[in-house]
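Heads up, work_5.cif below (mmCIF, C-alpha atoms):
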data_my_file
loop_
_atom_site.label_atom_id
_atom_site.label_comp_id
_atom_site.auth_asym_id
_atom_site.auth_seq_id
_atom_site.Cartn_x
_atom_site.Cartn_y
_atom_site.Cartn_z
CA MET A 158 116.17 97.76 100.79
CA ARG A 159 116.21 97.91 104.55
CA PRO A 160 114.41 95.19 106.43
CA LEU A 161 110.83 96.02 107.30
CA ALA A 162 108.36 94.68 109.77
CA ALA A 163 105.23 95.54 111.66
CA PHE A 164 104.03 94.13 114.96
CA SER A 165 100.50 93.79 116.16
CA LEU A 166 98.63 92.95 119.34
CA THR A 167 95.15 91.47 119.35
CA LEU A 168 93.05 91.72 122.44
CA VAL A 169 92.14 88.18 123.41
CA ALA A 170 90.68 88.89 126.84
CA CYS A 171 89.91 92.06 128.74
CA LEU A 172 90.88 91.75 132.38
CA ALA A 173 90.45 95.26 133.69
CA GLY A 174 88.69 98.53 133.06
CA PRO A 175 89.90 100.87 130.35
CA ALA A 176 91.37 103.34 132.90
CA VAL A 177 94.25 100.94 133.55
CA ALA A 178 96.91 101.02 130.88
CA ALA A 179 100.60 100.46 130.24
CA ASP A 180 103.19 101.08 127.56
CA LEU A 181 104.81 98.34 125.56
CA SER A 182 108.19 98.49 123.91
CA ILE A 183 109.60 95.71 121.79
CA THR A 184 113.03 95.56 120.19
CA LEU A 185 113.35 93.38 117.11
CA ARG A 186 116.61 91.91 115.94
CA GLY A 187 117.56 89.56 113.12
CA GLN A 188 119.68 86.42 113.39
CA SER A 189 122.87 88.46 113.22
CA GLY A 190 121.68 90.81 115.93
CA ALA A 191 121.02 93.67 113.53
CA PRO A 192 117.91 95.68 114.37
CA ILE A 193 114.87 95.07 112.18
CA GLN A 194 113.33 98.28 110.97
CA ASP A 195 109.74 98.83 109.87
CA ALA A 196 108.38 95.67 111.46
CA ALA A 197 105.53 95.59 113.92
CA VAL A 198 101.93 95.46 115.00
CA LEU A 199 100.17 94.94 118.29
CA ARG A 200 96.63 93.64 117.83
CA ALA A 201 93.67 94.87 119.83
CA ALA A 202 90.76 94.83 117.48
CA ALA A 203 88.19 94.85 120.27
CA VAL A 204 89.33 98.15 121.73
CA ALA A 205 87.98 100.48 119.08
CA PRO A 206 86.33 100.10 115.73
CA PRO A 207 88.78 100.68 112.91
CA THR A 208 88.67 104.23 111.73
CA ALA A 209 89.56 104.28 108.10
CA GLY A 210 91.67 107.24 107.21
CA ALA A 211 93.47 108.45 104.18
CA ALA A 212 97.09 107.88 103.35
CA LEU A 213 99.46 108.73 100.56
CA ILE A 214 102.18 106.86 98.70
CA ASP A 215 103.99 109.14 96.29
CA GLN A 216 106.11 108.31 93.24
CA ILE A 217 109.34 110.28 93.38
CA ASP A 218 112.32 109.60 91.11
CA LYS A 219 110.90 106.19 90.21
CA ARG A 220 110.57 105.12 93.83
CA PHE A 221 107.63 104.76 96.17
CA GLU A 222 107.68 107.24 99.03
CA PRO A 223 107.20 106.04 101.70
CA SER A 224 108.30 102.53 100.80
CA VAL A 225 106.60 101.15 103.92
CA SER A 226 103.15 102.19 105.12
CA LEU A 227 101.10 101.07 108.08
CA VAL A 228 97.38 101.81 107.66
CA ARG A 229 94.06 100.79 109.15
CA THR A 230 91.63 98.56 107.30
CA GLY A 231 89.51 100.64 104.94
CA THR A 232 92.12 103.31 104.35
CA ALA A 233 92.04 105.00 100.96
CA ILE A 234 95.56 105.52 99.66
CA THR A 235 96.25 108.09 96.97
CA PHE A 236 99.17 107.87 94.56
CA PRO A 237 99.95 111.50 93.65
CA ASN A 238 102.76 110.71 91.17
CA LYS A 239 105.13 113.60 91.77
CA ASP A 240 107.28 112.14 88.97
CA ASN A 241 104.60 113.25 86.54
CA ILE A 242 105.53 110.46 84.13
CA ARG A 243 103.62 107.27 83.49
CA HIS A 244 103.65 104.61 86.20
CA HIS A 245 101.69 101.38 86.38
CA VAL A 246 101.21 100.33 89.98
CA TYR A 247 100.03 96.81 90.72
CA SER A 248 99.68 94.22 93.47
CA PHE A 249 99.18 90.47 93.38
CA SER A 250 98.93 90.22 97.18
CA SER A 251 95.86 88.34 98.34
CA ALA A 252 94.81 91.09 100.76
CA LYS A 253 94.55 93.50 97.83
CA THR A 254 95.02 92.83 94.17
CA CYS A 255 94.97 96.02 92.17
CA GLU A 256 96.25 97.72 89.09
CA LEU A 257 96.50 101.48 88.78
CA LYS A 258 97.78 103.39 85.77
CA LEU A 259 99.20 106.78 86.66
CA TYR A 260 99.51 109.29 83.85
CA SER A 261 101.22 112.63 83.66
CA GLY A 262 98.85 115.34 84.81
CA VAL A 263 95.94 112.95 85.46
CA PRO A 264 94.98 112.51 89.13
CA ALA A 265 94.09 108.89 89.90
CA GLU A 266 91.31 107.67 92.17
CA PRO A 267 92.54 106.51 95.59
CA VAL A 268 92.77 102.77 96.21
CA VAL A 269 90.88 101.46 99.24
CA PHE A 270 92.69 98.78 101.21
CA ASP A 271 89.76 96.99 102.80
CA GLN A 272 91.35 93.77 104.01
CA ALA A 273 94.04 93.23 106.63
CA GLY A 274 97.31 91.88 105.32
CA LEU A 275 100.71 92.67 103.92
CA ILE A 276 100.55 94.05 100.41
CA VAL A 277 103.50 94.37 98.05
CA LEU A 278 103.27 97.01 95.35
CA GLY A 279 105.37 97.08 92.21
CA CYS A 280 105.49 99.15 89.03
CA ASN A 281 105.01 97.40 85.73
CA ILE A 282 107.10 99.98 83.88
CA HIS A 283 110.06 100.60 86.17
CA ASP A 284 112.57 98.26 87.79
CA GLY A 285 113.16 98.45 91.50
CA MET A 286 109.97 100.23 92.47
CA LEU A 287 108.74 98.37 95.51
CA ALA A 288 106.45 99.37 98.36
CA TYR A 289 104.96 97.52 101.31
CA VAL A 290 101.59 98.32 102.80
CA TYR A 291 100.64 96.80 106.15
CA VAL A 292 96.87 96.93 106.47
CA VAL A 293 95.85 96.26 110.07
CA ASP A 294 92.50 96.10 111.84
CA THR A 295 93.81 97.58 115.08
CA PRO A 296 94.94 100.97 116.31
CA LEU A 297 97.62 99.22 118.39
CA ALA A 298 100.16 98.85 115.64
CA ARG A 299 103.47 100.56 115.03
CA LEU A 300 106.43 100.22 112.71
CA SER A 301 109.77 99.56 114.28
CA ASP A 302 112.40 102.29 113.88
CA ALA A 303 116.00 102.12 112.68
CA ALA A 304 116.99 100.66 116.06
CA GLY A 305 114.39 97.92 115.64
CA ILE A 306 112.24 99.44 118.39
CA ALA A 307 108.46 99.77 118.24
CA ARG A 308 106.62 101.47 121.07
CA ILE A 309 102.88 101.36 121.64
CA PRO A 310 101.76 103.71 124.41
CA ALA A 311 98.81 103.47 126.78
CA ILE A 312 97.52 99.99 126.04
CA ALA A 313 94.43 99.17 128.08
CA ALA A 314 95.01 96.36 130.54
CA GLY A 315 94.15 92.97 129.14
CA GLN A 316 95.49 89.99 127.33
CA TYR A 317 96.72 90.53 123.81
CA GLN A 318 98.15 88.61 120.92
CA LEU A 319 101.46 90.06 119.83
CA GLU A 320 102.33 89.54 116.18
CA VAL A 321 105.18 90.66 113.97
CA TRP A 322 104.73 91.13 110.26
CA HIS A 323 107.62 91.41 107.86
CA PRO A 324 108.09 90.82 104.11
CA ARG A 325 110.85 88.36 104.91
CA LEU A 326 108.62 86.30 107.19
CA PRO A 327 106.55 83.68 105.33
CA ALA A 328 103.61 84.47 107.64
CA PRO A 329 102.93 86.80 110.57
CA ALA A 330 104.95 85.59 113.57
CA ILE A 331 102.90 85.24 116.75
CA LEU A 332 105.35 86.20 119.47
CA ASN A 333 102.88 85.86 122.29
CA ALA A 334 99.30 84.63 122.04
CA GLY A 335 98.40 85.79 125.53
CA LEU A 336 100.54 88.75 126.47
CA ALA A 337 99.26 90.25 129.71
CA ILE A 338 99.27 94.03 129.83
CA GLY A 339 98.79 95.47 133.30
CA THR A 340 99.82 98.75 134.85
CA THR A 341 103.58 98.53 134.48
CA ALA A 342 105.42 99.24 131.27
CA LEU A 343 106.70 96.20 129.40
CA SER A 344 109.90 96.13 127.42
CA PHE A 345 111.50 93.17 125.75
CA GLU A 346 113.67 92.05 122.92
CA GLN A 347 112.85 89.50 120.26
CA VAL A 348 115.08 87.73 117.74
CA LEU A 349 113.43 86.86 114.44
CA THR A 350 114.70 84.52 111.75
CA LEU A 351 114.15 86.31 108.47
CA GLU A 352 114.18 84.63 105.09
CA PRO A 353 116.97 85.74 102.75
CA ASP A 354 114.90 87.42 100.06
CA PRO A 355 112.09 89.90 100.38
CA GLN A 356 108.91 88.77 98.70
CA THR A 357 109.14 90.78 95.52
CA PRO A 358 106.14 90.65 93.23
CA PRO A 359 106.36 88.80 89.95
CA PRO A 360 106.03 90.99 86.85
CA LEU A 361 102.52 91.83 85.77
CA GLU A 362 103.05 90.73 82.20
CA MET B 260 82.80 80.81 39.05
CA LEU B 261 84.50 82.09 35.96
CA LEU B 262 88.09 81.52 36.91
CA THR B 263 88.95 78.08 35.61
CA VAL B 264 92.33 76.43 35.71
CA PRO B 265 93.22 77.20 32.06
CA MET B 266 92.05 80.76 32.63
CA GLY B 267 94.29 81.11 35.67
CA THR B 268 97.22 79.80 33.71
CA ALA B 269 96.53 82.33 31.00
CA LEU B 270 96.42 85.16 33.56
CA ALA B 271 99.65 84.10 35.15
CA ALA B 272 101.30 84.28 31.79
CA CYS B 273 100.07 87.80 31.19
CA ALA B 274 102.84 90.27 32.00
CA SER B 275 100.46 93.20 32.56
CA VAL B 276 98.82 91.65 35.64
CA ARG B 277 100.85 92.26 38.79
CA PRO B 278 100.38 90.39 42.08
CA ALA B 279 98.78 92.38 44.93
CA PRO B 280 101.55 94.31 46.74
CA ALA B 281 102.73 92.54 49.89
CA SER B 282 101.87 94.33 53.11
CA LEU B 283 104.60 96.34 54.79
CA TYR B 284 104.53 93.66 57.47
CA GLY B 285 105.53 91.07 54.88
CA GLN B 286 108.10 93.34 53.24
CA LEU B 287 109.76 93.97 56.57
CA GLY B 288 110.09 90.23 57.18
CA GLY B 289 107.13 89.43 59.42
CA ALA B 290 107.10 88.61 63.10
CA PRO B 291 110.69 87.34 63.45
CA MET B 292 112.09 90.51 61.90
CA LEU B 293 109.86 92.82 63.95
CA GLU B 294 111.04 91.02 67.08
CA ALA B 295 114.64 91.48 66.02
CA ILE B 296 114.13 95.15 65.14
CA SER B 297 112.46 95.84 68.48
CA ALA B 298 115.06 94.05 70.57
CA ARG B 299 118.05 95.51 68.78
CA LEU B 300 116.67 99.04 68.75
CA ILE B 301 115.66 99.16 72.41
CA ASP B 302 118.71 97.33 73.77
CA GLY B 303 121.01 99.65 71.86
CA PHE B 304 119.18 102.90 72.36
CA ALA B 305 118.53 102.43 76.10
CA ILE B 306 122.27 102.54 76.84
CA SER B 307 123.15 105.20 74.28
CA PRO B 308 124.00 108.78 75.33
CA ASP B 309 120.70 110.15 74.03
CA GLY B 310 118.56 107.22 75.14
CA SER B 311 119.73 106.45 78.66
CA ARG B 312 117.85 109.32 80.29
CA ALA B 313 114.39 108.36 79.04
CA PHE B 314 115.01 104.64 79.60
CA ASP B 315 116.50 105.00 83.09
CA ARG B 316 115.30 102.00 85.20
CA VAL B 317 112.67 101.11 82.59
CA LYS B 318 111.76 97.43 82.24
CA LEU B 319 113.03 96.80 78.71
CA PRO B 320 111.42 93.40 77.95
CA ARG B 321 108.00 95.00 78.32
CA VAL B 322 108.95 97.92 76.06
CA LYS B 323 110.23 95.52 73.40
CA ARG B 324 107.03 93.47 73.42
CA GLY B 325 104.94 96.62 73.18
CA LEU B 326 107.00 98.12 70.37
CA GLU B 327 106.86 94.85 68.45
CA ALA B 328 103.05 94.82 68.54
CA PHE B 329 102.90 98.55 67.78
CA LEU B 330 105.10 98.20 64.69
CA CYS B 331 103.18 95.11 63.60
CA VAL B 332 99.88 97.01 63.64
CA LEU B 333 101.48 100.02 61.96
CA ALA B 334 102.69 97.70 59.18
CA ASN B 335 99.21 96.12 58.79
CA GLY B 336 100.37 92.87 60.31
CA PRO B 337 98.15 90.31 62.06
CA CYS B 338 98.57 91.76 65.56
CA ALA B 339 96.73 93.67 68.23
CA TYR B 340 98.29 96.51 70.20
CA ASP B 341 96.66 97.14 73.55
CA GLY B 342 99.25 99.51 75.00
CA ASP B 343 98.90 103.23 75.58
CA ASP B 344 99.17 105.69 72.72
CA MET B 345 102.46 107.47 72.03
CA GLN B 346 101.33 110.68 73.69
CA ARG B 347 100.43 109.02 77.00
CA ILE B 348 103.55 106.91 77.04
CA HIS B 349 105.85 109.88 76.62
CA ALA B 350 103.90 112.49 78.61
CA GLY B 351 106.00 114.11 81.29
CA LEU B 352 109.25 112.63 79.99
CA ARG B 353 110.12 115.90 78.26
CA ILE B 354 111.62 114.16 75.25
CA SER B 355 113.76 116.59 73.23
CA GLU B 356 114.16 116.87 69.47
CA ARG B 357 117.69 115.65 69.92
CA GLU B 358 116.58 112.51 71.77
CA PHE B 359 113.86 111.80 69.23
CA ASN B 360 116.25 112.26 66.30
CA ALA B 361 118.76 109.98 67.96
CA LEU B 362 116.10 107.26 68.23
CA VAL B 363 115.24 107.65 64.54
CA GLU B 364 118.93 107.32 63.67
CA HIS B 365 119.20 104.19 65.83
CA LEU B 366 116.18 102.77 64.03
CA ARG B 367 117.72 103.49 60.59
CA GLN B 368 120.94 101.77 61.62
CA THR B 369 119.02 98.84 63.08
CA LEU B 370 117.00 98.34 59.88
CA ASP B 371 120.15 98.55 57.76
CA ALA B 372 122.07 96.18 60.01
CA LEU B 373 119.25 93.64 59.81
CA GLY B 374 119.16 93.91 56.03
CA VAL B 375 115.63 95.29 55.76
CA ASP B 376 114.61 96.16 52.21
CA PRO B 377 115.25 99.92 51.62
CA GLY B 378 111.73 100.49 50.32
CA ALA B 379 110.19 98.89 53.39
CA LYS B 380 112.55 100.88 55.61
CA HIS B 381 111.47 104.17 54.09
CA GLU B 382 107.81 103.25 54.29
CA LEU B 383 108.13 102.33 57.96
CA LEU B 384 109.94 105.59 58.75
CA ARG B 385 107.32 107.51 56.79
CA ARG B 386 104.51 105.97 58.87
CA LEU B 387 106.36 106.68 62.11
CA ALA B 388 107.25 110.28 61.32
CA PRO B 389 103.92 111.90 62.37
CA MET B 390 104.41 110.52 65.89
CA ARG B 391 107.10 113.10 66.53
CA ARG B 392 104.49 115.62 67.68
CA ASP B 393 103.11 113.19 70.27
CA ILE B 394 106.54 112.25 71.58
CA VAL B 395 108.64 115.41 71.60
CA THR B 396 107.41 117.63 74.45
CA ALA B 397 110.53 119.46 75.62
CA THR B 398 110.07 122.99 74.41
CA ALA B 399 112.81 125.47 73.70
CA THR B 400 112.86 128.53 75.95
CA HIS B 401 110.32 130.98 74.66
CA SER B 402 110.37 134.71 74.98
CA LEU B 403 107.78 136.00 77.41
CA ALA B 404 107.27 139.13 75.36
CA PRO B 405 103.58 139.81 74.80
CA ARG B 406 102.29 138.94 71.39
CA GLY B 407 101.00 141.67 69.15
#
Full structure transcribed into structure tokens:
Amino acid sequence: MRPLAAFSLTLVACLAGPAVAADLSITLRGQSGAPIQDAAVLRAAAVAPPTAGAALIDQIDKRFEPSVSLVRTGTAITFPNKDNIRHHVYSFSSAKTCELKLYSGVPAEPVVFDQAGLIVLGCNIHDGMLAYVYVVDTPLARLSDAAGIARIPAIAAGQYQLEVWHPRLPAPAILNAGLAIGTTALSFEQVLTLEPDPQTPPPLE
Amino acid sequence: MLLTVPMGTALAACASVRPAPASLYGQLGGAPMLEAISARLIDGFAISPDGSRAFDRVKLPRVKRGLEAFLCVLANGPCAYDGDDMQRIHAGLRISEREFNALVEHLRQTLDALGVDPGAKHELLRRLAPMRRDIVTATATHSLAPRG
């Protein structure tokens, strides 16, 4: 399992009109200097109301695909089950506890993720099925890529809280509680100390 | 109450009165034996040539617990089975006749190895046999020729 993280920016104070904006780029690295993929969120809840969309996490060859998802609060996620065998998806994460039995040839109702947080999904029947869902209440959130880079374009000028979420962080890391975004693009690098083991869910039974 | 102590003694001495037949659960050896049957069958079959496909990356402890309860109920034991039925469990797995037969053979060997009474073994297999139609779903290639 590759490391995963999400970073977020929350608007804490608006200093300028919405016409003024800048891009932000953050590079995330672990203790050893290796890039951290799939981390990242930039919070700006005040900018726009969350628009809940729809997303999809498939089950292919007894794996979740994608294994990392970044969605807005209120998003309904469907589990199409391309495997077409029985799966039993569950989560004990506080932001969303759920249990969903997937049967061959029986479409399942989507699951609505209505609370912000990091959710870990497992399968009660199969070993090694693990998926992470970052539910965020901001449009200013991105996953970092294989190089550990997350880019958020056209952020309205203001002061933001920059957070990084990752399964191997015990809690969201606040990198900057008052990051000032102006008119010039920002780019910086951040080293994170990750815990050795990803937070895998305990078995359901 | 008509059955007095002397009466009971008299009945016990009468050769024509047989005790009620023990349930299959009891004949098999109760909970400890069902646990042993389940564990030995699943552990062995999951790594066998005809079992490894269907059991690929399957959490075996859960299967063993489920099978134990399923067999217990099937044998009229004091258990509850709250798992899915055989059809739902195996749907989409495309279990072949060959794989199903191999499981039955593993079960026979397991029951023999654990010293289960032959009568109880045959009764258990007899009760399990109808489940073949819910489990085997891989169909042989059929001709597409229109039917008369």
Discussion item. List as a ChimeraX atom specification the protein and nucleic acid residues near Ile394 (chain B), meaning an atom at most 10 Å away when only C-alpha atoms are counted, but skip any in the same chain fewer than 5 places from it.
Written reply: /B:344-356,359,389
Skip Glu327 (chain B) itself and residues of its chain fewer than 5 positions away, then list as a ChimeraX atom specification all residues within 7 Å of it, counting all atoms listed in the file. /B:293-294,297
Nearest candidate to Lys253 (chain A) (options A:Thr230, A:Asn238, A:Ser224, A:Gln194; using all atoms listed in the file)
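Smallest separation from Lys253 (chain A) among the options: A:Thr230.
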Open item on the list: Counting all atoms listed in the file, a student should be able to say which residues of chain A come within 7 Å of chain B; what is the right answer, written as a list in words?
Closed with: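 Listed by rising number, the hits are Asn241, Ile242, Arg243, Tyr260, Ser261, Ile282, His283 and Asp284 of chain A.
Shortest separation to Gly336 (chain B) among B:Ala372, B:Leu362, B:Gln286, B:Ser307 occurs at residue B:Gln286, atoms counted being only C-alpha atoms.
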Go ahead and fit an axis-aligned box to every listed atom of region 377-390 of chain B plus 5 Å each side, and pass me the centre and edge lengths in Å, one decimal, as lines of an AutoDock Vina configuration file.
center_x = 109.6
center_y = 105.4
center_z = 58.1
size_x = 21.3
size_y = 23.0
size_z = 25.6
* **Selection result of the PyMOL selection byres ((chain A and resi 210) around 12) on this file, as a list in words** => Pro207, Thr208, Ala209, Ala211, Ala212, Leu213, Leu227, Val228, Arg229, Thr230, Gly231, Thr232, Ala233, Ile234, Thr235, Pro267, Val268, Val269, Phe270, Asp271, Val292 and Pro296 of chain A
Nearest to Asp343 (chain B), restricted to all atoms listed in the file and choosing among A:Ala252, A:Ala196, A:Cys280, A:Leu259, comes out as A:Leu259
Could you spell out the hits of the PyMOL selection byres ((chain A and resi 332) around 6) on the shown file, as a ChimeraX atom specification? /A:319-320,330-331,333
On this structure, the PyMOL selection byres ((chain A and resi 285-289) around 10) would catch which residues? List them as a PyMOL selection string, sorted by chain and number. (chain A and resi 158+161-162+195+214+216+218-227+244+246+248+275-284+290-292+323-324+356-358) or (chain B and resi 316-318)
Could you check the closest approach to Asn360 (chain B) for each of B:Val375, B:Ala295, B:Ala388, B:Cys338 and tell me which residue wins, using only C-alpha atoms?
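Of B:Val375, B:Ala295, B:Ala388, B:Cys338, the one nearest Asn360 (chain B) is B:Ala388, counting only C-alpha atoms.
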Compile the contact shell of Arg299 (chain B) as number ranges by chain: residues with an atom at most 10 Å away, counting all atoms listed in the file, same-chain residues fewer than 6 positions apart removed.
B: 293, 323, 365-366, 368-370, 372-373
CA of Tyr247 (chain A) to CA of Arg324 (chain B) measures 19.0 Å
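Between CA of Asp354 (chain A) and CA of Ser251 (chain A) lies a distance of 19.1 Å.
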Neighbours of Gln347 (chain A) within 12 Å (only C-alpha atoms; same-chain residues fewer than 4 positions away dropped), as a CSV table (one decimal) with C-alpha atoms, in the frame of the given file?
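Okay, this is what ended up in selection.csv:
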chain,number,residue,atom,x,y,z
A,164,PHE,CA,104.0,94.1,115.0
A,182,SER,CA,108.2,98.5,123.9
A,183,ILE,CA,109.6,95.7,121.8
A,184,THR,CA,113.0,95.6,120.2
A,185,LEU,CA,113.4,93.4,117.1
A,186,ARG,CA,116.6,91.9,115.9
A,187,GLY,CA,117.6,89.6,113.1
A,188,GLN,CA,119.7,86.4,113.4
A,190,GLY,CA,121.7,90.8,115.9
A,191,ALA,CA,121.0,93.7,113.5
A,192,PRO,CA,117.9,95.7,114.4
A,193,ILE,CA,114.9,95.1,112.2
A,196,ALA,CA,108.4,95.7,111.5
A,197,ALA,CA,105.5,95.6,113.9
A,305,GLY,CA,114.4,97.9,115.6
A,306,ILE,CA,112.2,99.4,118.4
A,307,ALA,CA,108.5,99.8,118.2
A,319,LEU,CA,101.5,90.1,119.8
A,320,GLU,CA,102.3,89.5,116.2
A,321,VAL,CA,105.2,90.7,114.0
A,330,ALA,CA,105.0,85.6,113.6
A,331,ILE,CA,102.9,85.2,116.8
A,332,LEU,CA,105.4,86.2,119.5
A,333,ASN,CA,102.9,85.9,122.3
note - CA of Ala361 (chain B) and CA of Ser311 (chain B) are separated by 11.3 Å
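The closest residue to Asp309 (chain B), picked from B:Val363, B:Leu287, B:Leu384, B:Ile296 and counting all atoms listed in the file, is B:Val363.
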